[in-house]
Amino acid sequence: MGRVAVLATCSLNQWALDYQGNVERIIESVRKAKNSGARYLCGTELSITGYGCGDHYHERDTEMYAWEALATIMKDPACSDILVDVGLPVMHKNVIYNCKLVFLNKRVLLIRPKMMLANDGFMGYRETRWFTAWAKVREVEEFPLPPVISGIVGQESVPFGDGIIATKDSTIGFDICEELWNPESCHLMQCLDGAEIIANGLGSLEEFGRPEIGYQMVQMATMKSGGCYLFANQKGFDGNQGYYPGDSCIGLNGEIIAHTKVHTLEEVEVVMAEVDLEAIRRYKAGIRSRCIQAAKSKPFPRIKVEFSLGDENWRTTGVPSIVSVNWWTWTTGLPFVPRAKPPIPTKEEQMLKVPACWLWDYLRRSGRGGLLLPLYFDEESFATAAIVYSMCVMVSEAVGKGNEKVLEDVRRIVGQNDYVPRGPKELCGRLLHTLSMEFSSPDESEGRQAVSSLACHIGSTHLSADLGKLLSETTASFASSLGLSSEHRGEEGTRTASQNFQSRMSLAAAYFYAEVGASSGSQMRDLIVLGASSADKHLTGSNVKYGRTFGDLNLLGSFCQRDISNSFSLLP
């Protein structure tokens, strides 16, 4: 075995413009990586500001506060003797760039701007609205550091552009998110010029039906070019509509050798791997066509640093490593790469867990005291109830495993400082209120029984309200004022108007309960009202505008009815 480098990547649950919280999570990730022996940590895209800042990127304060946050990170003792990169917006020559900044021991080594921007509007990416792509391939310029940084590091400027970090024992190139997906990925040319490690910080959203796409891209990149690929994706909900899965991983020579867990409530996850740098070199040298291309590749600017990713006094740290002697080594001449099979959730698991994780992040940041779900005898509202219960299961499991941050959030939501969940059903009773609104229709008896049964099964605080009398008196009053006879009331248009009014009355009653009913005699604050309707209903216009399926949030609004039906077998 040659020199072994311990490399780390991470998944961070960052919030847009939450500088203090983002800094704390970055420092915690560095501390975890360093305590495990890592010499380099790859961070997520725009980790200091959070990815979902939107038009706040146009505000000068956003960048200024990011530099101040960076100063706090660099001064922290945990960030010494380890190579770290973070993400932040940087204005260079009056142009705003999405950048990865690399530093070591209070010294900024390189600011690498993003060269290929994500602009797929249907996926929620609109980076060209805020940033400009760096167009100078293999070029760097001098960037004058702001006083808040130069006063700490003792340097006036830093290379800015498309460069490579050259340590004493290896070379590090960079991708930033979209660059991995592009046909002319930046890492391709860097690997031909000798880059052995590629670091990619992302803000890549979960794709329904394609949860494995990130792992596949990492495998393909390292299979063709060889080397180690550090893939650091954000996790959770940061203010945008989407959800970041936190599917960070480390790839080596065509295989995934380490990965984080997906769909968890952990705010900071770090994964490490011990990488034999000699295995990378032998793999690269063994691909003859690649070597021919590499021999004629143009050089990248190199930023040299007196620092080693490997340790001469290396010893096993307990993280995934390369085994150098086995049948694979004897037959191929290459060190064996241990595989780590990433978890690939099914569509059903995505529909159940992704909205649940998204909802938890929204709830704990909202300042509200819980959730209210108007529960009807239909598939959408039953599916929404299942997602909320799934959230309660995940929260209970996290608390059971000793996650103090999750417990702190739960206590703040329920307004009880000594509260400890006794299980998902009991927790659901504290977080979820279900409301069944009846209009005394004879054909509703089966639905009432099913709704009550579901509420009892998940443990929600359930209330049934009979709005039939209110509806009849209101419609009769309107009819009398308009001079409508009983014959007119039976006409098709009048019946449709009455049904639409009933639907809207249900929504009004739900908001009344969310603001008043749940607060009486307790410490509960206003509740978040959950709507329940599929994408089909929104696209076809078959739902009543501002009717019973509307609310503050709709967890199913991006899913079609067919996927909901296939994923949830909830109706009796």
# chains A, B, ... in the order shown; residues from 1 in each chain; ligands from 1
>>> select_by_dssp(residues="range 116-199 of chain A", states="helix (DSSP H, G or I)", output="list in words")
Gly121, Phe122, Met123, Glu127, Thr128, Arg129, Pro147, Val148, Ile149, Ser150, Gly151, Ile152, Val153, Glu178, Glu179, Leu180, Trp181, Cys186, His187, Leu188, Met189, Gln190, Cys191 and Leu192 of chain A
>>> residues_around(residues="range 397-399 of chain A", least_positions_apart="5", cutoff="9 Å", atoms="only C-alpha atoms", output="list in words")
Thr264, Leu265, Glu266, Cys392, Glu404, Lys405, Val406, Leu407, Val420, Pro421, Gly423 and Pro424 of chain A
>>> closest_residue(among="A:Gly239, A:Phe143, A:Tyr65, A:His259", to="Ala8 in chain A", atoms="only C-alpha atoms")
A:His259
>>> residues_around(residues="Thr167 in chain A", least_positions_apart="6", cutoff="9 Å", atoms="only C-alpha atoms", output="ChimeraX atom specification")
/A:303-309
>>> residues_around(residues="Glu127 in chain A", least_positions_apart="4", cutoff="9 Å", atoms="only C-alpha atoms", output="tab-separated table (two decimals) with N, CA and C atoms, in the first residue's frame")
chain	number	residue	atom	x	y	z
A	54	GLY	N	-32.33	33.01	-3.36
A	54	GLY	CA	-33.11	33.70	-4.37
A	54	GLY	C	-32.53	35.07	-4.71
A	98	ASN	N	-20.83	32.26	-8.27
A	98	ASN	CA	-21.08	31.19	-7.30
A	98	ASN	C	-19.75	30.47	-7.12
A	117	LEU	N	-23.59	26.92	-15.11
A	117	LEU	CA	-24.66	27.21	-14.18
A	117	LEU	C	-25.88	26.34	-14.44
A	118	ALA	N	-26.59	26.02	-13.37
A	118	ALA	CA	-27.84	25.25	-13.47
A	118	ALA	C	-28.98	26.20	-13.76
A	119	ASN	N	-29.69	25.95	-14.85
A	119	ASN	CA	-30.76	26.86	-15.25
A	119	ASN	C	-31.98	26.10	-15.73
A	120	ASP	N	-32.21	24.91	-15.16
A	120	ASP	CA	-33.37	24.10	-15.52
A	120	ASP	C	-34.55	24.57	-14.69
A	131	PHE	N	-26.20	34.68	-10.93
A	131	PHE	CA	-24.76	34.51	-11.10
A	131	PHE	C	-24.38	34.54	-12.58
A	132	THR	N	-23.08	34.68	-12.81
A	132	THR	CA	-22.50	34.59	-14.14
A	132	THR	C	-21.46	33.47	-14.13
>>> residues_around(residues="Glu184 in chain A", least_positions_apart="3", cutoff="12 Å", atoms="only C-alpha atoms", output="MDAnalysis selection string")
chainID A and resid 115:116 175 178:181 187:190 221
>>> residues_around(residues="range 523-540 of chain A", least_positions_apart="4", cutoff="9 Å", atoms="only C-alpha atoms", output="MDAnalysis selection string")
chainID A and resid 363 366:374 379:384 413:416 432:433 510:511 513:516 518:519 548:561 564
>>> write_last_selection(atoms="N, CA and C atoms", output="compact mmCIF listing (two decimals), in the first residue's frame")
# COMPACT_ATOMS: atom_id res chain seq x y z
N LEU A 363 -41.76 22.79 9.59
CA LEU A 363 -42.46 22.94 10.86
C LEU A 363 -41.56 23.52 11.93
N SER A 366 -40.93 27.25 11.36
CA SER A 366 -42.08 28.11 11.12
C SER A 366 -42.51 28.91 12.34
N GLY A 367 -42.19 28.45 13.53
CA GLY A 367 -42.68 29.08 14.75
C GLY A 367 -44.11 28.69 15.08
N ARG A 368 -44.69 27.76 14.34
CA ARG A 368 -46.05 27.31 14.61
C ARG A 368 -46.05 26.16 15.62
N GLY A 369 -47.24 25.88 16.15
CA GLY A 369 -47.34 24.88 17.21
C GLY A 369 -47.76 23.50 16.76
N GLY A 370 -47.87 23.26 15.46
CA GLY A 370 -48.27 21.95 14.98
C GLY A 370 -48.93 22.04 13.63
N LEU A 371 -49.67 20.99 13.29
CA LEU A 371 -50.28 20.85 11.97
C LEU A 371 -51.76 20.58 12.10
N LEU A 372 -52.53 21.06 11.14
CA LEU A 372 -53.95 20.75 11.06
C LEU A 372 -54.24 20.19 9.67
N LEU A 373 -54.85 19.02 9.65
CA LEU A 373 -55.21 18.37 8.39
C LEU A 373 -56.73 18.16 8.34
N PRO A 374 -57.44 18.89 7.47
CA PRO A 374 -58.85 18.55 7.24
C PRO A 374 -58.92 17.17 6.58
N GLU A 379 -58.35 9.69 -1.12
CA GLU A 379 -56.99 9.16 -1.10
C GLU A 379 -55.95 10.21 -0.76
N GLU A 380 -56.15 11.44 -1.23
CA GLU A 380 -55.15 12.46 -1.01
C GLU A 380 -55.00 12.83 0.46
N SER A 381 -56.11 13.04 1.16
CA SER A 381 -56.00 13.42 2.57
C SER A 381 -55.50 12.25 3.42
N PHE A 382 -55.87 11.02 3.05
CA PHE A 382 -55.34 9.85 3.77
C PHE A 382 -53.83 9.72 3.55
N ALA A 383 -53.38 9.97 2.30
CA ALA A 383 -51.95 9.90 2.01
C ALA A 383 -51.18 10.97 2.77
N THR A 384 -51.76 12.17 2.87
CA THR A 384 -51.11 13.25 3.62
C THR A 384 -50.99 12.87 5.09
N ILE A 413 -41.67 23.18 19.70
CA ILE A 413 -42.93 23.16 18.95
C ILE A 413 -44.12 22.92 19.88
N VAL A 414 -43.98 21.94 20.78
CA VAL A 414 -45.11 21.61 21.66
C VAL A 414 -45.19 22.54 22.86
N GLY A 415 -44.15 23.37 23.08
CA GLY A 415 -44.19 24.32 24.18
C GLY A 415 -44.02 23.70 25.54
N GLN A 416 -43.21 22.63 25.63
CA GLN A 416 -43.00 21.93 26.91
C GLN A 416 -41.52 21.58 27.03
N LEU A 432 -50.20 16.75 15.40
CA LEU A 432 -51.19 16.75 14.32
C LEU A 432 -52.61 16.81 14.87
N HIS A 433 -53.38 17.76 14.37
CA HIS A 433 -54.81 17.85 14.62
C HIS A 433 -55.53 17.51 13.32
N ALA A 510 -61.57 25.29 8.72
CA ALA A 510 -60.27 24.73 9.08
C ALA A 510 -59.34 25.83 9.59
N TYR A 511 -59.32 26.98 8.93
CA TYR A 511 -58.45 28.07 9.37
C TYR A 511 -58.94 28.67 10.69
N TYR A 513 -60.37 26.95 13.09
CA TYR A 513 -59.91 26.00 14.10
C TYR A 513 -58.41 26.13 14.32
N ALA A 514 -57.64 26.32 13.23
CA ALA A 514 -56.18 26.41 13.35
C ALA A 514 -55.75 27.62 14.17
N GLU A 515 -56.54 28.70 14.11
CA GLU A 515 -56.16 29.93 14.80
C GLU A 515 -56.75 30.04 16.20
N VAL A 516 -57.88 29.36 16.43
CA VAL A 516 -58.59 29.55 17.71
C VAL A 516 -58.74 28.25 18.48
N ALA A 518 -57.38 25.22 18.46
CA ALA A 518 -56.27 24.45 19.00
C ALA A 518 -55.55 25.16 20.13
N SER A 519 -55.80 26.45 20.32
CA SER A 519 -55.06 27.22 21.31
C SER A 519 -55.75 27.30 22.66
N ARG A 548 -61.73 23.08 -0.14
CA ARG A 548 -61.29 22.27 1.00
C ARG A 548 -59.92 21.64 0.79
N THR A 549 -59.47 21.48 -0.46
CA THR A 549 -58.16 20.86 -0.70
C THR A 549 -57.01 21.84 -0.60
N PHE A 550 -57.30 23.13 -0.39
CA PHE A 550 -56.25 24.13 -0.27
C PHE A 550 -55.78 24.23 1.19
N GLY A 551 -54.64 24.91 1.38
CA GLY A 551 -54.09 25.11 2.72
C GLY A 551 -52.78 25.86 2.63
N ASP A 552 -52.06 25.92 3.73
CA ASP A 552 -50.74 26.56 3.73
C ASP A 552 -49.73 25.74 2.94
N LEU A 553 -49.80 24.44 3.09
CA LEU A 553 -48.86 23.53 2.43
C LEU A 553 -49.63 22.40 1.78
N ASN A 554 -49.10 21.91 0.67
CA ASN A 554 -49.66 20.75 0.00
C ASN A 554 -48.52 19.76 -0.28
N LEU A 555 -48.46 18.69 0.47
CA LEU A 555 -47.36 17.74 0.37
C LEU A 555 -47.44 16.87 -0.87
N LEU A 556 -48.58 16.85 -1.54
CA LEU A 556 -48.78 15.98 -2.70
C LEU A 556 -48.87 16.76 -4.01
N GLY A 557 -48.66 18.05 -3.97
CA GLY A 557 -48.90 18.88 -5.13
C GLY A 557 -47.99 18.60 -6.32
N SER A 558 -46.88 17.89 -6.11
CA SER A 558 -45.97 17.57 -7.21
C SER A 558 -46.14 16.14 -7.72
N PHE A 559 -47.05 15.38 -7.13
CA PHE A 559 -47.22 13.98 -7.50
C PHE A 559 -48.51 13.81 -8.28
N CYS A 560 -48.47 12.94 -9.29
CA CYS A 560 -49.68 12.65 -10.05
C CYS A 560 -50.53 11.63 -9.29
N GLN A 561 -51.80 11.56 -9.67
CA GLN A 561 -52.73 10.69 -8.96
C GLN A 561 -52.33 9.22 -9.08
N ILE A 564 -49.67 8.41 -6.53
CA ILE A 564 -50.26 8.41 -5.20
C ILE A 564 -51.03 7.11 -4.97
>>> atom_distance(atom1="CA of Leu202 in chain A", atom2="CA of Gln234 in chain A")
6.4 Å
>>> select_by_dssp(residues="range 151-317 of chain A", states="strand (DSSP E or B)", output="PyMOL selection string")
chain A and resi 157-161+164-166+171-176+197-202+228-233+235-236+244-245+249-252+255-259+268-276+302-304+310
>>> write_last_selection(atoms="C-alpha atoms", output="PDB file, in the first residue's frame")
ATOM      1  CA  SER A 157      -5.030  38.744  -2.619  1.00  0.00           C
ATOM      2  CA  VAL A 158      -5.764  35.190  -3.715  1.00  0.00           C
ATOM      3  CA  PRO A 159      -5.909  33.358  -7.077  1.00  0.00           C
ATOM      4  CA  PHE A 160      -9.420  33.495  -8.537  1.00  0.00           C
ATOM      5  CA  GLY A 161     -10.406  31.226 -11.406  1.00  0.00           C
ATOM      6  CA  ILE A 164      -5.879  23.181  -9.275  1.00  0.00           C
ATOM      7  CA  ILE A 165      -4.557  22.768  -5.733  1.00  0.00           C
ATOM      8  CA  ALA A 166      -1.216  20.931  -5.664  1.00  0.00           C
ATOM      9  CA  THR A 171      -3.506  17.271  -6.759  1.00  0.00           C
ATOM     10  CA  ILE A 172      -7.093  18.432  -6.241  1.00  0.00           C
ATOM     11  CA  GLY A 173      -9.416  19.620  -9.005  1.00  0.00           C
ATOM     12  CA  PHE A 174     -12.939  20.944  -8.706  1.00  0.00           C
ATOM     13  CA  ASP A 175     -16.449  20.562 -10.051  1.00  0.00           C
ATOM     14  CA  ILE A 176     -19.371  22.594  -8.765  1.00  0.00           C
ATOM     15  CA  ILE A 197      -8.954  14.088  -6.419  1.00  0.00           C
ATOM     16  CA  ILE A 198     -12.051  15.987  -7.583  1.00  0.00           C
ATOM     17  CA  ALA A 199     -14.129  17.887  -5.018  1.00  0.00           C
ATOM     18  CA  ASN A 200     -17.716  18.774  -5.879  1.00  0.00           C
ATOM     19  CA  GLY A 201     -20.018  20.752  -3.590  1.00  0.00           C
ATOM     20  CA  LEU A 202     -23.664  20.614  -4.644  1.00  0.00           C
ATOM     21  CA  CYS A 228     -11.225   9.901  -6.147  1.00  0.00           C
ATOM     22  CA  TYR A 229     -14.429  11.957  -6.358  1.00  0.00           C
ATOM     23  CA  LEU A 230     -15.797  13.775  -3.292  1.00  0.00           C
ATOM     24  CA  PHE A 231     -19.518  14.435  -3.751  1.00  0.00           C
ATOM     25  CA  ALA A 232     -20.971  16.761  -1.073  1.00  0.00           C
ATOM     26  CA  ASN A 233     -24.687  17.432  -1.438  1.00  0.00           C
ATOM     27  CA  LYS A 235     -29.714  18.026   2.703  1.00  0.00           C
ATOM     28  CA  GLY A 236     -33.151  19.135   3.849  1.00  0.00           C
ATOM     29  CA  TYR A 244     -31.992  18.102  -0.913  1.00  0.00           C
ATOM     30  CA  PRO A 245     -31.511  14.373  -0.229  1.00  0.00           C
ATOM     31  CA  CYS A 249     -20.574   9.961  -1.288  1.00  0.00           C
ATOM     32  CA  ILE A 250     -16.970   9.192  -2.158  1.00  0.00           C
ATOM     33  CA  GLY A 251     -16.165   7.463  -5.439  1.00  0.00           C
ATOM     34  CA  LEU A 252     -12.915   5.775  -6.399  1.00  0.00           C
ATOM     35  CA  GLU A 255     -16.916   2.442  -7.421  1.00  0.00           C
ATOM     36  CA  ILE A 256     -18.701   4.083  -4.491  1.00  0.00           C
ATOM     37  CA  ILE A 257     -16.609   3.393  -1.401  1.00  0.00           C
ATOM     38  CA  ALA A 258     -18.437   5.507   1.207  1.00  0.00           C
ATOM     39  CA  HIS A 259     -21.718   7.368   1.492  1.00  0.00           C
ATOM     40  CA  VAL A 268     -24.511  17.388   9.982  1.00  0.00           C
ATOM     41  CA  GLU A 269     -23.285  14.121   8.469  1.00  0.00           C
ATOM     42  CA  VAL A 270     -19.662  13.469   7.572  1.00  0.00           C
ATOM     43  CA  VAL A 271     -18.318  10.424   5.779  1.00  0.00           C
ATOM     44  CA  MET A 272     -14.616   9.555   5.390  1.00  0.00           C
ATOM     45  CA  ALA A 273     -12.548   7.128   3.348  1.00  0.00           C
ATOM     46  CA  GLU A 274      -8.889   6.112   3.416  1.00  0.00           C
ATOM     47  CA  VAL A 275      -7.711   6.318  -0.174  1.00  0.00           C
ATOM     48  CA  ASP A 276      -4.503   4.758  -1.485  1.00  0.00           C
ATOM     49  CA  ARG A 302      -1.426  25.126  -9.958  1.00  0.00           C
ATOM     50  CA  ILE A 303      -1.597  26.611  -6.493  1.00  0.00           C
ATOM     51  CA  LYS A 304       1.112  24.863  -4.518  1.00  0.00           C
ATOM     52  CA  GLY A 310      -1.315  11.589   3.463  1.00  0.00           C
TER      53      GLY A 310
END
>>> closest_residue(among="A:Gln502, A:Ser36, A:Ser396, A:Ser248", to="Thr9 in chain A", atoms="only C-alpha atoms")
A:Ser248
>>> atom_distance(atom1="CA of Thr434 in chain A", atom2="CA of His462 in chain A")
4.8 Å
>>> closest_residue(among="A:Phe237, A:Thr72, A:Leu375, A:Thr474", to="Trp360 in chain A", atoms="only C-alpha atoms")
A:Phe237
>>> residues_around(residues="Lys425 in chain A", least_positions_apart="3", cutoff="9 Å", atoms="only C-alpha atoms", output="PyMOL selection string")
chain A and resi 389+392-393+422+428-430+457-460
>>> decode(residues="range 254-284 of chain A", atoms="N, CA and C atoms", output="short mmCIF file (atom, residue, chain, number, x, y, z; two decimals), in the first residue's frame")
data_model
loop_
_atom_site.label_atom_id
_atom_site.label_comp_id
_atom_site.auth_asym_id
_atom_site.auth_seq_id
_atom_site.Cartn_x
_atom_site.Cartn_y
_atom_site.Cartn_z
N GLY A 254 -14.33 4.18 -10.29
CA GLY A 254 -15.54 3.54 -10.80
C GLY A 254 -16.44 2.91 -9.76
N GLU A 255 -16.10 3.04 -8.48
CA GLU A 255 -16.92 2.44 -7.42
C GLU A 255 -17.24 3.48 -6.35
N ILE A 256 -18.37 3.29 -5.67
CA ILE A 256 -18.70 4.08 -4.49
C ILE A 256 -18.12 3.37 -3.28
N ILE A 257 -17.26 4.05 -2.53
CA ILE A 257 -16.61 3.39 -1.40
C ILE A 257 -17.10 3.91 -0.05
N ALA A 258 -17.86 4.99 -0.04
CA ALA A 258 -18.44 5.51 1.21
C ALA A 258 -19.59 6.44 0.86
N HIS A 259 -20.56 6.51 1.75
CA HIS A 259 -21.72 7.37 1.49
C HIS A 259 -22.42 7.71 2.80
N THR A 260 -23.15 8.81 2.79
CA THR A 260 -23.97 9.18 3.93
C THR A 260 -25.33 8.50 3.83
N LYS A 261 -26.14 8.65 4.86
CA LYS A 261 -27.50 8.15 4.83
C LYS A 261 -28.41 9.19 4.21
N VAL A 262 -29.42 8.73 3.48
CA VAL A 262 -30.36 9.66 2.88
C VAL A 262 -31.64 9.71 3.72
N HIS A 263 -32.36 10.82 3.60
CA HIS A 263 -33.66 11.01 4.24
C HIS A 263 -33.56 10.81 5.76
N THR A 264 -32.65 11.54 6.37
CA THR A 264 -32.51 11.51 7.82
C THR A 264 -32.70 12.93 8.36
N LEU A 265 -32.84 13.03 9.67
CA LEU A 265 -33.03 14.33 10.32
C LEU A 265 -31.74 14.89 10.90
N GLU A 266 -30.61 14.23 10.66
CA GLU A 266 -29.33 14.73 11.13
C GLU A 266 -28.98 16.01 10.38
N GLU A 267 -28.54 17.03 11.09
CA GLU A 267 -28.18 18.29 10.46
C GLU A 267 -26.77 18.26 9.88
N VAL A 268 -25.90 17.47 10.44
CA VAL A 268 -24.51 17.39 9.98
C VAL A 268 -24.12 15.92 9.88
N GLU A 269 -23.79 15.48 8.68
CA GLU A 269 -23.29 14.12 8.47
C GLU A 269 -21.97 14.20 7.72
N VAL A 270 -20.99 13.49 8.19
CA VAL A 270 -19.66 13.47 7.57
C VAL A 270 -19.29 12.02 7.31
N VAL A 271 -18.76 11.77 6.12
CA VAL A 271 -18.32 10.42 5.78
C VAL A 271 -16.87 10.51 5.29
N MET A 272 -16.03 9.56 5.73
CA MET A 272 -14.62 9.56 5.39
C MET A 272 -14.24 8.27 4.66
N ALA A 273 -13.11 8.33 3.97
CA ALA A 273 -12.55 7.13 3.35
C ALA A 273 -11.03 7.26 3.29
N GLU A 274 -10.34 6.17 3.55
CA GLU A 274 -8.89 6.11 3.42
C GLU A 274 -8.58 5.69 1.98
N VAL A 275 -7.93 6.54 1.25
CA VAL A 275 -7.71 6.32 -0.17
C VAL A 275 -6.22 6.13 -0.44
N ASP A 276 -5.88 5.02 -1.08
CA ASP A 276 -4.50 4.76 -1.49
C ASP A 276 -4.23 5.55 -2.76
N LEU A 277 -3.42 6.59 -2.67
CA LEU A 277 -3.13 7.42 -3.83
C LEU A 277 -2.43 6.65 -4.92
N GLU A 278 -1.69 5.63 -4.55
CA GLU A 278 -1.01 4.81 -5.56
C GLU A 278 -2.01 4.03 -6.40
N ALA A 279 -3.13 3.65 -5.80
CA ALA A 279 -4.17 2.94 -6.56
C ALA A 279 -4.74 3.83 -7.65
N ILE A 280 -4.86 5.12 -7.37
CA ILE A 280 -5.36 6.06 -8.36
C ILE A 280 -4.38 6.15 -9.54
N ARG A 281 -3.11 6.29 -9.23
CA ARG A 281 -2.10 6.46 -10.28
C ARG A 281 -1.99 5.21 -11.16
N ARG A 282 -2.06 4.06 -10.56
CA ARG A 282 -1.95 2.83 -11.34
C ARG A 282 -3.19 2.63 -12.21
N TYR A 283 -4.35 3.00 -11.69
CA TYR A 283 -5.58 2.89 -12.48
C TYR A 283 -5.53 3.83 -13.68
N LYS A 284 -5.11 5.06 -13.46
CA LYS A 284 -5.03 6.03 -14.55
C LYS A 284 -4.02 5.57 -15.61
#
